[in-house]
Amino acid sequence: MTRTPRRTSPSTLFLWCIMTTIAAPAARAAEPVRYSVRFPAPQTHYVEVEARIPAAGQAEVELMMPVWTPGSYLVREYAGKVEDFAAKKPDGSALEWSRSRKNRWQVATAGTDEVVATYRVYGRSMSVQANWIDASFAMLQGAATFMTPADGVARPHEVVVDPAPGWKRSITGLPAAPGGKPHHYVAADYDTLVDSPIYAGDPAVYEFTVDGVPHLLVNEGEGGVWDGPRSAKDVEAIVRAEKAFWGHLPYDRYVFFNILGEAGGGLEHKNSTVLMASRWATRTRPSYLAWLNLVAHEFFHTWNVKRLRPVELGPFDYENEVHTPSLWIAEGITSYYDRLIVRRAGLCSVAEYMAGDPPSAGEDRTINDFERLQTTPGRLVQSLEDSSYDTWIKFYRRDENTANTQVSYYLKGAVVAFLLDAKVRKATDGAKSLDDVMRLAYSRYAGDKGFTTEEFQRTAAEVAGVDLSDFFRRALKTTDELDYAEACDWLGLRFAKDKPEKKPEPGKDEKPAKGWLGLTTKVEDGRLIVSQVRRETPAFDAGFNVGDEILGIGEDRIPAGQWSKRQEAFRPGDKVSVLIARRDRFQRLDVTFAQEPARDWVVDLTPDPTDAQKAHRKAWLGE
């Protein structure tokens with residue numbers, strides 16, 4: 001049916017004019033920011049960036065660079081790596097600009113429709129939060145590389161990468177821009193750009209598909225040492241295990257960037273992750289297990305953090321610290337599941353899982369989360385929620401006293417997650433678990449909503465069908481010791497302190513106990529230096545300080561490399577005078593050797609579990 005056009009009244013016309021005027025800037029704001037990145041001399045560790053910024057109708061354009069990156073809660077001052085900033089019109093004529101804040105640049109547009117900003121960024125930090133550029137490859141993190149208009153308006157961001165000579169590929173989680181131009185990518189908004197690291201170089205790439213979704217393992221630096229095919233096969237097994245956990249894959253494509261540069265760490269992104277490891281890690285079982293745990297951890301963040309997040313972590317404020325009491329959920333629960341996922345994927349034995357994390361720097365033995373927590377004096381000083389809230393000023397700023405005053409929300413969060421898992425399983429007679437809590441929380445709060453700590457706790461209580469308020473209060477808000485009895489009874493676990501005392505065999509003498517002071521040392525420039533003194537140890541009580549140089553015991557000098565061997569000559573109860581140098585002055589400290597505390601918190605399976613405990617373990621470990 002043909003409609004007769006209606007006459008527009010003057011008031012309607014006036015209203016239309018007003019709305020058009022308001023809408024016009026929004027339409028212009030949708031124009032993309034266009035970047036090009038070049039590496040004309042990668043051996044100097046610089047990337048050159050050109051950013052074309054829409055400016056029509058604006059007298060000034062203010063550009064911002066983040067001071068931190070999501071997933072790593074520390075102000076890193078990325079603007080400090082920026083050099084040679086300049087601004088011009090598209091015809092090349094210079095524009096005036098000034099610094100308005102430590103991480104902002106304000107440009108007078110002089111009426112141009114587009115501001116062309118150019119700058120260089122120095123990148124030689126082999127870490128997952130920063131840039132690395134050298135003659136062989138570049139790994140760029142969005143927050144450390146790209147400025148954006150500081151107006152807060154959502155707009156697309158396009159990137160064209162110009163790889164250095166000899167670099168065959170650029171790879172990112174960003175979708176390719178329409179038109180098929182090589183090395184041309186587009187992000188729907190700045191958040192997506194920051195969340196999509198970009199690699200350029202000549203890596204070994206392994207592709208596999210899970211449920212029709214493509215995945216890439218990008219290994220940079222295999223060097224004929226790293227076992228690429230094996231690592232790709234095991235990464236696929238982890239992807240399948242975590243897909244089974246969550247029930248779906250929330251992306252169209254995923255990239256594992258694996259930088260084998262003798263560094264360590266990982267950082268999650270929405271459809272990719274950056275991992276760092278040693279190229280020798282596939283050669284030994286402990287180091288390879290540590291890498292598999294890292295893969296499982298960062299990939300678990302695809303759901304827990306990148307989509308299911310504490311409400312405080314979105315939308316992102318890239319210029320200010322964002323505090324939340326819920327990092328124990330984001331990181332602690334993820335830490336609980338990382339090794340458990342590796343076990344459920346069939347990539348480690350039950351014994352390997354129970355043993356705990358492989359040794360890390362400064363350690364000589366495998367240690368589980370319970371032992372690590374229960375031997376950290378800071379657990380009695382800092383609550384779990386305080387650990388999360390203070391991460392910006394404490395967790396990433398460790399010093400020699402950290403173990404005495406802080407507890408990690410990764411570590412205690414993982415232990416609390418274990419206890420919560422067991423509590424839910426027991427309350428529901430095995431029908432539900434923390435797995436169900438996470439899936440229900442995801443269904444309610446994933447996406448733009450986010451969850452408050454109260455909402456997460458209510459979700460857990462709903463799944464358990466019991467009141468968990470006292471459990472959460474004690475575990476999160478106090479420094480009370482955690483109670484492991486219920487979880488151990490349900491799963492048939494025991495600690496070393498709970499084992500029957502082992503008596504020496506008849507006719508054999510017990511080995512004499514070694515003396516112990518409880519301090520940690522390092523050799524520095526041929527000197528024996530105290531590097532850590534924990535509370536409630538003979539060394540702490542005697543007044544040893546970090547930085548003291550140990551010179552001798554009694555009248556005998558101690559060579560720097562002989563400290564451990566020399567301690568073996570002393571027994572608990574022996575009193576000695578230790579000669580030290582403190583700030584270049586000699587001093588003696590009187591100290592009495594004690595017996596090293598027993599490893600009470602080593603955990604294993606009870607040797608005679610009930611049938612119920614066997615069934616509970618099987619469900620827990622995914623056997």
# chains A, B, ... in the order shown; residues from 1 in each chain; ligands from 1
$ residues_around --residues "Ala330 of chain A" --least-positions-apart "3" --cutoff "10 Å" --atoms "only C-alpha atoms" --output "PyMOL selection string"
chain A and resi 71+300-301+303-306+308-310+326-327+333-335+388+409-410+413
$ select_by_dssp --residues "segment 100-203 of chain A" --states "alpha helix (DSSP H)" --output "ChimeraX atom specification"
/A:190-194
$ write_last_selection --atoms "C-alpha atoms" --output "PDB file, in the first residue's frame"
ATOM      1  CA  TYR A 190      41.139  -0.119  21.294  1.00  0.00           C
ATOM      2  CA  ASP A 191      40.476  -2.760  23.965  1.00  0.00           C
ATOM      3  CA  THR A 192      40.753  -5.415  21.269  1.00  0.00           C
ATOM      4  CA  LEU A 193      43.971  -3.900  19.930  1.00  0.00           C
ATOM      5  CA  VAL A 194      45.579  -3.860  23.388  1.00  0.00           C
TER       6      VAL A 194
END
$ closest_residue --among "A:His157, A:Arg527, A:Lys575, A:Lys88" --to "Ile558 of chain A" --atoms "only C-alpha atoms"
A:Arg527
$ closest_residue --among "A:Arg583, A:Arg34, A:Arg253, A:His184" --to "Thr148 of chain A" --atoms "only C-alpha atoms"
A:Arg34
$ closest_atom_pairs --of "segment 452-526 of chain A" --to "segment 547-556 of chain A" --cutoff "12 Å" --atoms "only C-alpha atoms" --output "CSV"
residue,atom,partner,partner_atom,distance
A:Leu519,CA,A:Asp548,CA,11.1
A:Thr520,CA,A:Gly547,CA,10.8
A:Thr521,CA,A:Ile550,CA,9.1
A:Lys522,CA,A:Glu549,CA,9.7
A:Val523,CA,A:Glu549,CA,9.6
A:Glu524,CA,A:Glu549,CA,9.6
A:Asp525,CA,A:Glu549,CA,11.2
A:Gly526,CA,A:Glu549,CA,10.5
$ residues_around --residues "Arg588 of chain A" --least-positions-apart "2" --cutoff "7 Å" --atoms "only C-alpha atoms" --output "ChimeraX atom specification"
/A:577-580,590
$ write_last_selection --atoms "all heavy atoms" --output "JSON list (two decimals), in the first residue's frame"
[["chain", "number", "residue", "atom", "x", "y", "z"],
["A", 577, "SER", "N", 79.78, -18.12, 66.84],
["A", 577, "SER", "CA", 79.90, -16.69, 66.57],
["A", 577, "SER", "C", 80.24, -16.54, 65.10],
["A", 577, "SER", "O", 81.25, -17.07, 64.63],
["A", 577, "SER", "CB", 81.01, -16.08, 67.44],
["A", 577, "SER", "OG", 81.20, -14.72, 67.10],
["A", 578, "VAL", "N", 79.39, -15.84, 64.38],
["A", 578, "VAL", "CA", 79.56, -15.69, 62.93],
["A", 578, "VAL", "C", 80.12, -14.30, 62.64],
["A", 578, "VAL", "O", 79.55, -13.29, 63.08],
["A", 578, "VAL", "CB", 78.22, -15.90, 62.18],
["A", 578, "VAL", "CG1", 78.42, -15.74, 60.68],
["A", 578, "VAL", "CG2", 77.65, -17.27, 62.50],
["A", 579, "LEU", "N", 81.22, -14.27, 61.90],
["A", 579, "LEU", "CA", 81.82, -12.99, 61.50],
["A", 579, "LEU", "C", 81.18, -12.55, 60.18],
["A", 579, "LEU", "O", 81.16, -13.30, 59.20],
["A", 579, "LEU", "CB", 83.32, -13.15, 61.31],
["A", 579, "LEU", "CG", 84.07, -11.89, 60.84],
["A", 579, "LEU", "CD1", 83.99, -10.79, 61.89],
["A", 579, "LEU", "CD2", 85.52, -12.23, 60.50],
["A", 580, "ILE", "N", 80.65, -11.34, 60.20],
["A", 580, "ILE", "CA", 80.03, -10.79, 58.99],
["A", 580, "ILE", "C", 80.63, -9.42, 58.69],
["A", 580, "ILE", "O", 81.29, -8.81, 59.54],
["A", 580, "ILE", "CB", 78.49, -10.65, 59.14],
["A", 580, "ILE", "CG1", 78.16, -9.59, 60.19],
["A", 580, "ILE", "CG2", 77.85, -11.99, 59.45],
["A", 580, "ILE", "CD1", 76.71, -9.16, 60.19],
["A", 590, "ASP", "N", 76.11, -13.76, 67.42],
["A", 590, "ASP", "CA", 76.01, -15.04, 68.11],
["A", 590, "ASP", "C", 74.69, -15.71, 67.75],
["A", 590, "ASP", "O", 73.62, -15.08, 67.83],
["A", 590, "ASP", "CB", 76.09, -14.83, 69.62],
["A", 590, "ASP", "CG", 77.43, -14.28, 70.06],
["A", 590, "ASP", "OD1", 78.44, -14.59, 69.39],
["A", 590, "ASP", "OD2", 77.47, -13.53, 71.06]]
$ select_by_dssp --residues "segment 26-142 of chain A" --states "strand (DSSP E or B)" --output "MDAnalysis selection string"
chainID A and resid 33:38 46:54 60:64 69 72 82:88 94 97:101 104:108 114:122 124 132:133 138:140
$ write_last_selection --atoms "C-alpha atoms" --output "PDB file, in the first residue's frame"
ATOM      1  CA  VAL A  33      42.712   5.022  13.724  1.00  0.00           C
ATOM      2  CA  ARG A  34      45.211   3.635  11.206  1.00  0.00           C
ATOM      3  CA  TYR A  35      48.660   2.486  12.276  1.00  0.00           C
ATOM      4  CA  SER A  36      51.671   1.316  10.338  1.00  0.00           C
ATOM      5  CA  VAL A  37      54.578  -0.308  12.175  1.00  0.00           C
ATOM      6  CA  ARG A  38      58.040  -0.682  10.675  1.00  0.00           C
ATOM      7  CA  TYR A  46      63.213  -0.022  17.821  1.00  0.00           C
ATOM      8  CA  VAL A  47      59.804  -0.168  16.175  1.00  0.00           C
ATOM      9  CA  GLU A  48      58.637   2.897  14.280  1.00  0.00           C
ATOM     10  CA  VAL A  49      54.935   3.690  14.520  1.00  0.00           C
ATOM     11  CA  GLU A  50      52.797   5.993  12.400  1.00  0.00           C
ATOM     12  CA  ALA A  51      49.268   6.664  13.655  1.00  0.00           C
ATOM     13  CA  ARG A  52      46.695   8.441  11.498  1.00  0.00           C
ATOM     14  CA  ILE A  53      44.121   9.981  13.830  1.00  0.00           C
ATOM     15  CA  PRO A  54      40.704  11.283  12.673  1.00  0.00           C
ATOM     16  CA  GLU A  60      42.903  19.615  19.419  1.00  0.00           C
ATOM     17  CA  VAL A  61      43.539  15.890  19.510  1.00  0.00           C
ATOM     18  CA  GLU A  62      44.904  14.349  22.700  1.00  0.00           C
ATOM     19  CA  LEU A  63      46.664  10.978  22.475  1.00  0.00           C
ATOM     20  CA  MET A  64      47.070   8.535  25.327  1.00  0.00           C
ATOM     21  CA  THR A  69      48.356  -3.769  30.604  1.00  0.00           C
ATOM     22  CA  SER A  72      49.458  -7.704  34.916  1.00  0.00           C
ATOM     23  CA  VAL A  82      58.628   6.444  23.467  1.00  0.00           C
ATOM     24  CA  GLU A  83      61.045   8.659  21.517  1.00  0.00           C
ATOM     25  CA  ASP A  84      60.956  11.187  18.666  1.00  0.00           C
ATOM     26  CA  PHE A  85      57.248  11.987  18.842  1.00  0.00           C
ATOM     27  CA  ALA A  86      56.101  14.307  16.068  1.00  0.00           C
ATOM     28  CA  ALA A  87      52.775  15.407  14.595  1.00  0.00           C
ATOM     29  CA  LYS A  88      51.947  16.671  11.111  1.00  0.00           C
ATOM     30  CA  ALA A  94      54.264  20.164  11.074  1.00  0.00           C
ATOM     31  CA  TRP A  97      52.026  19.652  20.178  1.00  0.00           C
ATOM     32  CA  SER A  98      52.765  19.499  23.906  1.00  0.00           C
ATOM     33  CA  ARG A  99      52.801  16.995  26.751  1.00  0.00           C
ATOM     34  CA  SER A 100      49.657  17.250  28.860  1.00  0.00           C
ATOM     35  CA  ARG A 101      50.446  14.337  31.203  1.00  0.00           C
ATOM     36  CA  ARG A 104      49.537  12.038  26.940  1.00  0.00           C
ATOM     37  CA  TRP A 105      50.374  14.165  23.915  1.00  0.00           C
ATOM     38  CA  GLN A 106      48.123  17.086  22.923  1.00  0.00           C
ATOM     39  CA  VAL A 107      48.178  18.131  19.258  1.00  0.00           C
ATOM     40  CA  ALA A 108      46.738  21.332  17.786  1.00  0.00           C
ATOM     41  CA  GLU A 114      43.606  13.934  10.021  1.00  0.00           C
ATOM     42  CA  VAL A 115      46.578  14.131  12.393  1.00  0.00           C
ATOM     43  CA  VAL A 116      49.578  11.990  11.515  1.00  0.00           C
ATOM     44  CA  ALA A 117      51.544  11.128  14.666  1.00  0.00           C
ATOM     45  CA  THR A 118      54.901   9.389  14.404  1.00  0.00           C
ATOM     46  CA  TYR A 119      57.107   8.011  17.159  1.00  0.00           C
ATOM     47  CA  ARG A 120      59.603   5.268  17.956  1.00  0.00           C
ATOM     48  CA  VAL A 121      59.342   2.714  20.764  1.00  0.00           C
ATOM     49  CA  TYR A 122      62.383   0.992  22.273  1.00  0.00           C
ATOM     50  CA  ARG A 124      64.290  -4.982  24.559  1.00  0.00           C
ATOM     51  CA  TRP A 132      60.989  -7.359  22.331  1.00  0.00           C
ATOM     52  CA  ILE A 133      62.594  -6.365  19.047  1.00  0.00           C
ATOM     53  CA  ALA A 138      59.598  -8.806  17.188  1.00  0.00           C
ATOM     54  CA  MET A 139      56.916  -9.491  19.791  1.00  0.00           C
ATOM     55  CA  LEU A 140      54.753  -6.406  20.306  1.00  0.00           C
TER      56      LEU A 140
END
$ residues_around --residues "Asp338 of chain A" --least-positions-apart "3" --cutoff "6 Å" --atoms "only C-alpha atoms" --output "count of residues only"
5
$ closest_residue --among "A:Val235, A:Ala345, A:Leu517, A:Leu74" --to "Leu294 of chain A" --atoms "only C-alpha atoms"
A:Val235
$ residues_around --residues "Tyr442 of chain A" --least-positions-apart "6" --cutoff "12 Å" --atoms "only C-alpha atoms" --output "list in words"
Phe245, Trp246, Gly247, His248, Pro250, Thr302, Trp303, Asn304, Val305, Lys306, Arg307, Leu308, Arg309, Pro310, Asp435, Asp436, Asp448, Lys449, Gly450, Phe451, Glu455, Phe456, Thr459 and Ala460 of chain A
$ closest_residue --among "A:Asp386, A:Asp399, A:Asp369, A:Asp202" --to "Tyr353 of chain A" --atoms "only C-alpha atoms"
A:Asp369
$ residues_around --residues "Pro377 of chain A" --least-positions-apart "3" --cutoff "7 Å" --atoms "only C-alpha atoms" --output "ChimeraX atom specification"
/A:380,403-405,535
$ write_last_selection --atoms "C-alpha atoms" --output "CSV table (one decimal), in the first residue's frame"
chain,number,residue,atom,x,y,z
A,380,LEU,CA,49.8,-14.8,59.1
A,403,ALA,CA,57.9,-13.8,52.5
A,404,ASN,CA,57.6,-12.4,56.0
A,405,THR,CA,54.8,-9.9,55.2
A,535,ARG,CA,60.8,-14.9,60.6
$ residues_around --residues "Arg599 of chain A" --least-positions-apart "3" --cutoff "10 Å" --atoms "only C-alpha atoms" --output "PyMOL selection string"
chain A and resi 367+371+375+495-497+596+602-603
$ decode --residues "segment 72-130 of chain A" --atoms "C-alpha atoms" --output "mmCIF file, in the first residue's frame"
data_model
loop_
_atom_site.group_PDB
_atom_site.id
_atom_site.type_symbol
_atom_site.label_atom_id
_atom_site.label_comp_id
_atom_site.auth_asym_id
_atom_site.auth_seq_id
_atom_site.Cartn_x
_atom_site.Cartn_y
_atom_site.Cartn_z
ATOM 1 C CA SER A 72 49.458 -7.704 34.916
ATOM 2 C CA TYR A 73 48.638 -5.342 37.739
ATOM 3 C CA LEU A 74 51.592 -2.977 37.909
ATOM 4 C CA VAL A 75 52.067 0.547 36.563
ATOM 5 C CA ARG A 76 54.787 0.017 33.940
ATOM 6 C CA GLU A 77 55.005 3.512 32.438
ATOM 7 C CA TYR A 78 55.062 2.466 28.776
ATOM 8 C CA ALA A 79 55.413 6.087 27.678
ATOM 9 C CA GLY A 80 58.951 5.964 29.042
ATOM 10 C CA LYS A 81 60.014 3.913 25.995
ATOM 11 C CA VAL A 82 58.628 6.444 23.467
ATOM 12 C CA GLU A 83 61.045 8.659 21.517
ATOM 13 C CA ASP A 84 60.956 11.187 18.666
ATOM 14 C CA PHE A 85 57.248 11.987 18.842
ATOM 15 C CA ALA A 86 56.101 14.307 16.068
ATOM 16 C CA ALA A 87 52.775 15.407 14.595
ATOM 17 C CA LYS A 88 51.947 16.671 11.111
ATOM 18 C CA LYS A 89 49.217 17.107 8.553
ATOM 19 C CA PRO A 90 48.801 14.518 5.778
ATOM 20 C CA ASP A 91 50.706 16.885 3.465
ATOM 21 C CA GLY A 92 53.707 16.716 5.797
ATOM 22 C CA SER A 93 53.483 20.174 7.365
ATOM 23 C CA ALA A 94 54.264 20.164 11.074
ATOM 24 C CA LEU A 95 51.672 20.586 13.805
ATOM 25 C CA GLU A 96 52.295 22.031 17.252
ATOM 26 C CA TRP A 97 52.026 19.652 20.178
ATOM 27 C CA SER A 98 52.765 19.499 23.906
ATOM 28 C CA ARG A 99 52.801 16.995 26.751
ATOM 29 C CA SER A 100 49.657 17.250 28.860
ATOM 30 C CA ARG A 101 50.446 14.337 31.203
ATOM 31 C CA LYS A 102 53.207 11.780 31.585
ATOM 32 C CA ASN A 103 51.448 9.501 29.084
ATOM 33 C CA ARG A 104 49.537 12.038 26.940
ATOM 34 C CA TRP A 105 50.374 14.165 23.915
ATOM 35 C CA GLN A 106 48.123 17.086 22.923
ATOM 36 C CA VAL A 107 48.178 18.131 19.258
ATOM 37 C CA ALA A 108 46.738 21.332 17.786
ATOM 38 C CA THR A 109 45.024 20.265 14.555
ATOM 39 C CA ALA A 110 45.149 23.618 12.698
ATOM 40 C CA GLY A 111 41.929 22.564 10.997
ATOM 41 C CA THR A 112 43.207 19.350 9.400
ATOM 42 C CA ASP A 113 40.864 16.387 9.077
ATOM 43 C CA GLU A 114 43.606 13.934 10.021
ATOM 44 C CA VAL A 115 46.578 14.131 12.393
ATOM 45 C CA VAL A 116 49.578 11.990 11.515
ATOM 46 C CA ALA A 117 51.544 11.128 14.666
ATOM 47 C CA THR A 118 54.901 9.389 14.404
ATOM 48 C CA TYR A 119 57.107 8.011 17.159
ATOM 49 C CA ARG A 120 59.603 5.268 17.956
ATOM 50 C CA VAL A 121 59.342 2.714 20.764
ATOM 51 C CA TYR A 122 62.383 0.992 22.273
ATOM 52 C CA GLY A 123 61.747 -2.665 23.038
ATOM 53 C CA ARG A 124 64.290 -4.982 24.559
ATOM 54 C CA SER A 125 62.429 -6.504 27.497
ATOM 55 C CA MET A 126 62.043 -10.271 27.310
ATOM 56 C CA SER A 127 58.821 -10.255 29.304
ATOM 57 C CA VAL A 128 55.212 -10.932 28.421
ATOM 58 C CA GLN A 129 54.128 -7.416 29.407
ATOM 59 C CA ALA A 130 56.557 -5.497 27.182
#
